[in-house]
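*Asks:* Pasting in a structure now, in structure tokens, and then I'll have a few things to ask.
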Amino acid sequence: MKHEETADLPYLRKVVGASMAGTVVEWYEFFLYGTAATLVFGQLFFPKTGNELDGIIAAFATYAVGFIARPLGGIVFGHIGDKIGRKSLLQFSLVLIGASTFLMGCLPSFATIGYWAPALLVLLRFIQGFALGGEWGGAILLVTEHSPNRSRGFWGSFPQAAVPLGNLLATIVLLTLSATLTEEAFLSWGWRVGFWLSVVIVVIGYYIRTQISDSPIFKAAKERLETQAEAGYGLVEVFRRYPRSVFTAMGLRFGENILYYMVVTFSITYLAHAGIDTTRILTLLFLGHILHALAIPIVGRASDRFGRRPIYVAGAALTMGWPFLAFPMLGSGDTILILGAIMLGLVVHAMMYAAQPALMTEMFPTRVRYSGVSLGYQVTAIVAGSWAPLIGTALLREYENWVPIAIYILIAGAVSLVAAMLLRETKGVSLVEIDREDLRRLGTEQAQPV
């Protein structure tokens, strides 16, 4: 296929923009919940116990529901997406997550409707997580399947950069509201504005995504699926044919996912517990998100030059050491040291996160790729990022010390380090060749050449 060797750069940039636009919207809404879980939900949607950390722990439990729903969304969207396409499902996921987020902003508090408040919050969080579970795989495949072999790491990193941009947008909104409103007004109605704003950005993201189409390599794979019964797709097929790739992707994701949520979500709790005011915390995270968004494409470019494996190995190894340096910095109370700890964590995270779209794309043939990348990325979130803030908060409550939390992050980094050491280097590989090899394994290449 010609597009594998040369690319229509103007159209590729358009695809990247469409992917990023929707991803910014969806992660804005997902992370808005994470920040609100610490600042608002623990106080408004759960009964008072006399310990402020109890409400936060309860809020983080509902936060985890979104992660539990993500693999289900990944399975459903991946299975259907491998058959009918990436674009249409991405548009549907955008509408679904927008509606659930807007309704969160309309929920009455525990004082008004009692236990219906957390129950409805859990339901909407589940819908939000389900939609997001299908978003990531489709968004990154739109880009990586259009990208040239030699620069797939760079172009594929841009949807990843949209994640901190979405988080940045959520932080800006909450920072503005918390800085301009009294604490009473912010808790009463101000926090809801950020959720209601999702309607505006969903409309913008949806429109941009109507301007692009599925990749030529996917269209070719879709034609084969329609004519060859042997070329299956979906969850069962990816586990049957490519189990090593699925489990390797899960291992790579484990430490990276935990590190990220400890830096951007649990750090809010840790710093607030240490007496740092909300506006200061959000300002430091705002600066950290900017650095993160800039670092991801740089690392993506480096993965095209030096390879996916060595950079990932370095990132996983540094994850293991980060908490032992970072927590004393976070606990110092010094603004520069706190900012340094956050930025260091996000740069280390970028070393693993940036190359994931290219890396996971290169692990699977086109006919099962949506299912494969969604499983590798989303299933891990159940035992990784979903529980990380809750585990961190529980350890803090139990020990009032950062060392157990640091050990938890060290173990998570070790899991990803082992997976990265076992990784096969895929820099520059042709997606066409991956599909050809897949067909050879199926014994169907003679009947239907790529």
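The way I read the labels, and the way they are meant: chains A, B, ... in the order of the structure tokens, residue 1 as the first residue of every chain, and ligand 1 as the first ligand shown, with later ones counted on from there.
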Residues within 12 Å of Leu375 in chain A, please, as a PyMOL selection string. Count only C-alpha atoms; anything in the same chain fewer than 6 positions from it doesn't count.

*Replies:* chain A and resi 70-79+133-134+136-137+234-236+238-239+242-243+245-251+253+360+364+368-369+381-382

*Asks:* For N, CA and C atoms, I'd like the residues from the last selection saved as a tab-separated table (two decimals), in the first residue's frame.

*Replies:*
```
chain	number	residue	atom	x	y	z
A	70	ARG	N	-14.37	0.69	31.62
A	70	ARG	CA	-13.58	0.91	30.42
A	70	ARG	C	-13.25	-0.37	29.65
A	71	PRO	N	-12.85	-1.47	30.30
A	71	PRO	CA	-12.60	-2.69	29.52
A	71	PRO	C	-13.84	-3.20	28.79
A	72	LEU	N	-15.00	-3.07	29.44
A	72	LEU	CA	-16.23	-3.48	28.76
A	72	LEU	C	-16.45	-2.64	27.52
A	73	GLY	N	-16.25	-1.33	27.66
A	73	GLY	CA	-16.36	-0.46	26.49
A	73	GLY	C	-15.34	-0.81	25.44
A	74	GLY	N	-14.11	-1.10	25.88
A	74	GLY	CA	-13.06	-1.48	24.94
A	74	GLY	C	-13.40	-2.75	24.18
A	75	ILE	N	-13.97	-3.74	24.88
A	75	ILE	CA	-14.34	-5.01	24.25
A	75	ILE	C	-15.45	-4.79	23.23
A	76	VAL	N	-16.50	-4.08	23.65
A	76	VAL	CA	-17.65	-3.86	22.76
A	76	VAL	C	-17.25	-3.00	21.55
A	77	PHE	N	-16.63	-1.86	21.82
A	77	PHE	CA	-16.23	-0.97	20.73
A	77	PHE	C	-15.17	-1.62	19.85
A	78	GLY	N	-14.23	-2.34	20.49
A	78	GLY	CA	-13.17	-2.99	19.71
A	78	GLY	C	-13.73	-4.05	18.79
A	79	HIS	N	-14.64	-4.87	19.30
A	79	HIS	CA	-15.22	-5.94	18.50
A	79	HIS	C	-15.98	-5.39	17.30
A	133	GLY	N	-13.78	3.78	27.21
A	133	GLY	CA	-13.12	2.51	26.91
A	133	GLY	C	-13.01	2.24	25.42
A	134	GLY	N	-13.97	2.73	24.66
A	134	GLY	CA	-13.91	2.55	23.22
A	134	GLY	C	-13.20	3.67	22.50
A	136	TRP	N	-10.15	5.35	23.17
A	136	TRP	CA	-8.70	5.39	22.98
A	136	TRP	C	-8.25	4.55	21.78
A	137	GLY	N	-8.72	3.31	21.70
A	137	GLY	CA	-8.29	2.44	20.62
A	137	GLY	C	-8.61	3.01	19.25
A	234	GLY	N	-12.27	-9.62	16.54
A	234	GLY	CA	-12.88	-9.46	17.85
A	234	GLY	C	-12.13	-10.14	18.98
A	235	LEU	N	-12.77	-10.15	20.16
A	235	LEU	CA	-12.17	-10.58	21.41
A	235	LEU	C	-11.63	-12.00	21.37
A	236	VAL	N	-12.45	-12.94	20.98
A	236	VAL	CA	-12.03	-14.34	20.98
A	236	VAL	C	-10.87	-14.56	20.03
A	238	VAL	N	-8.57	-12.40	18.96
A	238	VAL	CA	-7.30	-11.80	19.36
A	238	VAL	C	-6.65	-12.61	20.48
A	239	PHE	N	-7.45	-13.15	21.38
A	239	PHE	CA	-6.88	-14.00	22.44
A	239	PHE	C	-6.41	-15.34	21.89
A	242	TYR	N	-3.26	-14.05	19.32
A	242	TYR	CA	-2.20	-13.14	19.78
A	242	TYR	C	-2.23	-12.93	21.30
A	243	PRO	N	-2.26	-14.03	22.09
A	243	PRO	CA	-2.32	-13.86	23.54
A	243	PRO	C	-1.07	-13.18	24.12
A	245	SER	N	0.82	-10.91	22.78
A	245	SER	CA	0.76	-9.47	22.55
A	245	SER	C	-0.20	-8.79	23.51
A	246	VAL	N	-1.34	-9.43	23.79
A	246	VAL	CA	-2.32	-8.85	24.71
A	246	VAL	C	-1.73	-8.72	26.10
A	247	PHE	N	-1.10	-9.78	26.59
A	247	PHE	CA	-0.59	-9.76	27.96
A	247	PHE	C	0.66	-8.88	28.09
A	248	THR	N	1.45	-8.81	27.03
A	248	THR	CA	2.59	-7.89	27.05
A	248	THR	C	2.11	-6.45	27.12
A	249	ALA	N	1.10	-6.12	26.34
A	249	ALA	CA	0.53	-4.77	26.37
A	249	ALA	C	0.00	-4.44	27.76
A	250	MET	N	-0.63	-5.40	28.41
A	250	MET	CA	-1.14	-5.18	29.76
A	250	MET	C	0.00	-4.90	30.75
A	251	GLY	N	1.08	-5.66	30.63
A	251	GLY	CA	2.22	-5.44	31.51
A	251	GLY	C	2.86	-4.08	31.30
A	253	ARG	N	1.43	-1.45	30.33
A	253	ARG	CA	0.46	-0.43	30.77
A	253	ARG	C	0.40	-0.30	32.29
A	360	MET	N	1.57	-0.54	20.34
A	360	MET	CA	0.43	-1.47	20.39
A	360	MET	C	-0.16	-1.71	19.01
A	364	PHE	N	-0.41	-6.01	16.58
A	364	PHE	CA	-1.57	-6.76	16.10
A	364	PHE	C	-1.82	-6.50	14.61
A	368	VAL	N	-7.76	-7.54	13.94
A	368	VAL	CA	-8.05	-7.65	15.37
A	368	VAL	C	-7.41	-6.50	16.15
A	369	ARG	N	-6.94	-5.49	15.47
A	369	ARG	CA	-6.14	-4.45	16.12
A	369	ARG	C	-6.95	-3.62	17.12
A	381	ALA	N	-6.47	-1.15	33.34
A	381	ALA	CA	-6.94	-0.05	34.20
A	381	ALA	C	-7.74	-0.54	35.39
A	382	ILE	N	-8.34	-1.75	35.30
A	382	ILE	CA	-9.13	-2.27	36.41
A	382	ILE	C	-8.25	-2.46	37.65
```

*Asks:* With distances taken over only C-alpha atoms, which of A:Ala111, A:Val25, A:Ala295, A:Ala64 is nearest to Ile204 in chain A?

*Replies:*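 When distances to Ile204 in chain A are compared using only C-alpha atoms, the smallest one comes from A:Val25.
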
*Asks:* Pick out the residues sitting within 10 Å of Ile391 in chain A, and hand them over as a PyMOL selection string; count only C-alpha atoms, and ignore anything fewer than 6 positions along from it in its own chain.

*Replies:* chain A and resi 57+60-61+262+266+385+397+405+408

*Asks:* For those residues, write N, CA and C atoms to a file as a PDB file, in the first residue's frame.

*Replies:*
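Contents of the output file out-v3.pdb:
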```
ATOM      1  N   ILE A  57     -12.131   8.735  49.995  1.00  0.00           N
ATOM      2  CA  ILE A  57     -12.002   7.314  49.646  1.00  0.00           C
ATOM      3  C   ILE A  57     -13.266   6.808  48.973  1.00  0.00           C
ATOM      4  N   PHE A  60     -13.330   8.169  45.486  1.00  0.00           N
ATOM      5  CA  PHE A  60     -12.395   7.452  44.626  1.00  0.00           C
ATOM      6  C   PHE A  60     -12.900   6.052  44.277  1.00  0.00           C
ATOM      7  N   ALA A  61     -13.749   5.483  45.146  1.00  0.00           N
ATOM      8  CA  ALA A  61     -14.350   4.190  44.816  1.00  0.00           C
ATOM      9  C   ALA A  61     -15.279   4.340  43.612  1.00  0.00           C
ATOM     10  N   MET A 262      -1.164   8.511  40.181  1.00  0.00           N
ATOM     11  CA  MET A 262      -0.555   8.953  41.435  1.00  0.00           C
ATOM     12  C   MET A 262      -0.046  10.385  41.308  1.00  0.00           C
ATOM     13  N   PHE A 266      -3.783  11.474  42.814  1.00  0.00           N
ATOM     14  CA  PHE A 266      -3.483  11.287  44.235  1.00  0.00           C
ATOM     15  C   PHE A 266      -2.667  12.447  44.810  1.00  0.00           C
ATOM     16  N   GLY A 385      -4.708   1.943  37.301  1.00  0.00           N
ATOM     17  CA  GLY A 385      -5.092   3.321  37.566  1.00  0.00           C
ATOM     18  C   GLY A 385      -6.383   3.478  38.342  1.00  0.00           C
ATOM     19  N   ARG A 397      -3.923   7.185  54.972  1.00  0.00           N
ATOM     20  CA  ARG A 397      -4.783   7.194  56.159  1.00  0.00           C
ATOM     21  C   ARG A 397      -4.279   6.230  57.213  1.00  0.00           C
ATOM     22  N   ILE A 405       3.445   4.066  50.173  1.00  0.00           N
ATOM     23  CA  ILE A 405       2.938   4.498  48.864  1.00  0.00           C
ATOM     24  C   ILE A 405       4.052   4.386  47.817  1.00  0.00           C
ATOM     25  N   TYR A 408       4.549   0.804  46.775  1.00  0.00           N
ATOM     26  CA  TYR A 408       3.467   0.433  45.848  1.00  0.00           C
ATOM     27  C   TYR A 408       3.801   0.864  44.417  1.00  0.00           C
TER      28      TYR A 408
END
```

*Asks:* What is the distance, in Å and to one decimal place, between CA of Val65 in chain A and CA of Tyr377 in chain A?

*Replies:*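 Computing it gives 16.2 Å between the two atoms.
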
*Asks:* For Val418 in chain A, work out the shell of residues within 9 Å, counting only C-alpha atoms and skipping chain neighbours fewer than 2 positions away, then give it as a VMD selection string.

*Replies:* chain A and resid 251 to 252 313 316 413 to 416 420 to 423

*Asks:* Would you mind writing down, as JSON, numbers by chain, each residue of range 289-430 of chain A that DSSP on the backbone assigns to helix (DSSP H, G or I)?

*Replies:* {"A": [289, 290, 291, 292, 293, 294, 295, 296, 297, 298, 299, 300, 301, 302, 303, 304, 305, 306, 308, 309, 310, 311, 312, 313, 314, 315, 316, 317, 318, 319, 320, 321, 322, 323, 324, 325, 326, 327, 328, 329, 330, 335, 336, 337, 338, 339, 340, 341, 342, 343, 344, 345, 346, 347, 348, 349, 350, 351, 352, 353, 356, 357, 358, 359, 360, 361, 366, 367, 368, 369, 370, 371, 372, 373, 374, 375, 376, 377, 378, 380, 381, 382, 383, 388, 389, 390, 391, 392, 393, 394, 395, 396, 397, 398, 399, 403, 404, 405, 406, 407, 408, 409, 410, 411, 412, 413, 414, 415, 416, 417, 418, 419, 420, 421]}

*Asks:* Quick one: residues within 10 Å of Leu39 in chain A, only C-alpha atoms counted, chain neighbours fewer than 4 positions away excluded, as a list in words?

*Replies:*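 The contact residues come out as Tyr33, Gly34, Thr35, Gln43, Leu44, Ile56, Ala59, Leu174, Ser178, Phe186, Leu187, Trp191, Ile268, Thr269, Ala272 and Thr278 of chain A.
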
*Asks:* Please measure the separation of CA of Leu142 in chain A and CA of Phe31 in chain A, giving the value in Å to one decimal.

*Replies:*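 Going from CA of Leu142 in chain A over to CA of Phe31 in chain A, I get 22.8 Å.
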
*Asks:* Can you tell me, as a ChimeraX atom specification, what residues are no more than 12 Å from range 323-330 of chain A when counting only C-alpha atoms, ignoring any on the same chain fewer than 5 positions away?

*Replies:* /A:258-260,262-263,266-276,281,284,317-318,335-346,348,392,396,401-413

*Asks:* Show me, as a list in words, the residues that have an atom within 9 Å of Ala354 in chain A when counting only C-alpha atoms, minus same-chain residues fewer than 6 positions from it.

*Replies:*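 The residues satisfying every condition are Gly153, Phe154, Gly156, Ser157, Phe158, Gln160, Ala161, Ala295, Ile296, Pro297, Ile298, Val299, Gly300, Arg301 and Ser303 of chain A.
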
*Asks:* Using only C-alpha atoms, which residue out of A:Glu425, A:Glu26, A:Glu437, A:Glu362 lies closest to Glu135 in chain A?

*Replies:*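 Distance minimum relative to Glu135 in chain A lands on A:Glu26.
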
*Asks:* Could you check how far CA of Arg367 in chain A sits from CA of Leu89 in chain A, in Å to one decimal?

*Replies:*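 Computing it gives 16.1 Å between the two atoms.
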
*Asks:* Determine the nearest neighbour of Leu294 in chain A from the options A:Ile84, A:Phe102, A:Ala358, A:Ala162, counting only C-alpha atoms.

*Replies:*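 Closest to Leu294 in chain A of all the choices is A:Ala162.
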
*Asks:* Which one of A:Gln91, A:Tyr370, A:Pro148, A:Gly376 sits closest to Asp8 in chain A if you count only C-alpha atoms?

*Replies:*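 Comparing A:Gln91, A:Tyr370, A:Pro148, A:Gly376 against Asp8 in chain A, the winner is A:Pro148.
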
*Asks:* Give the answer as one residue: which of A:Gly22, A:Pro159, A:Gly138, A:Gly190 has the shortest atom-to-atom distance to Val40 in chain A, using only C-alpha atoms?

*Replies:*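 Closest to Val40 in chain A of all the choices is A:Gly190.
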
*Asks:* Compile a residue-level contact table for range 16-109 of chain A against range 113-123 of chain A at a cut-off of 8 Å, reporting for every qualifying residue the shortest atom pair and its distance in Å to one decimal, with only C-alpha atoms counted, rows ordered by chain and ascending number, as CSV.

*Replies:*
```
residue,atom,partner,partner_atom,distance
A:Phe45,CA,A:Pro118,CA,5.6
A:Phe46,CA,A:Pro118,CA,6.7
A:Thr62,CA,A:Val122,CA,5.6
A:Val65,CA,A:Val122,CA,6.8
A:Met104,CA,A:Leu121,CA,6.6
A:Leu107,CA,A:Ala117,CA,6.8
A:Pro108,CA,A:Ala117,CA,6.3
A:Ser109,CA,A:Ala117,CA,5.7
```

*Asks:* Write a file of the selected residues as a PDB file, in the first residue's frame, keeping C-alpha atoms.

*Replies:*
```pdb
ATOM      1  CA  PHE A  45     -22.343  13.011  47.658  1.00  0.00           C
ATOM      2  CA  PHE A  46     -21.498  10.860  50.678  1.00  0.00           C
ATOM      3  CA  THR A  62     -16.882   5.679  42.393  1.00  0.00           C
ATOM      4  CA  VAL A  65     -16.160   2.446  38.553  1.00  0.00           C
ATOM      5  CA  MET A 104     -23.307  14.675  36.503  1.00  0.00           C
ATOM      6  CA  LEU A 107     -27.134  15.740  40.202  1.00  0.00           C
ATOM      7  CA  PRO A 108     -28.588  16.764  43.585  1.00  0.00           C
ATOM      8  CA  SER A 109     -26.360  16.236  46.618  1.00  0.00           C
TER       9      SER A 109
END
```

*Asks:* Would you please work out which residue, of A:Thr176, A:Tyr28, A:Glu237, A:Glu184, is nearest to Ser371 in chain A when using only C-alpha atoms?

*Replies:*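 Smallest separation from Ser371 in chain A among the options: A:Glu237.
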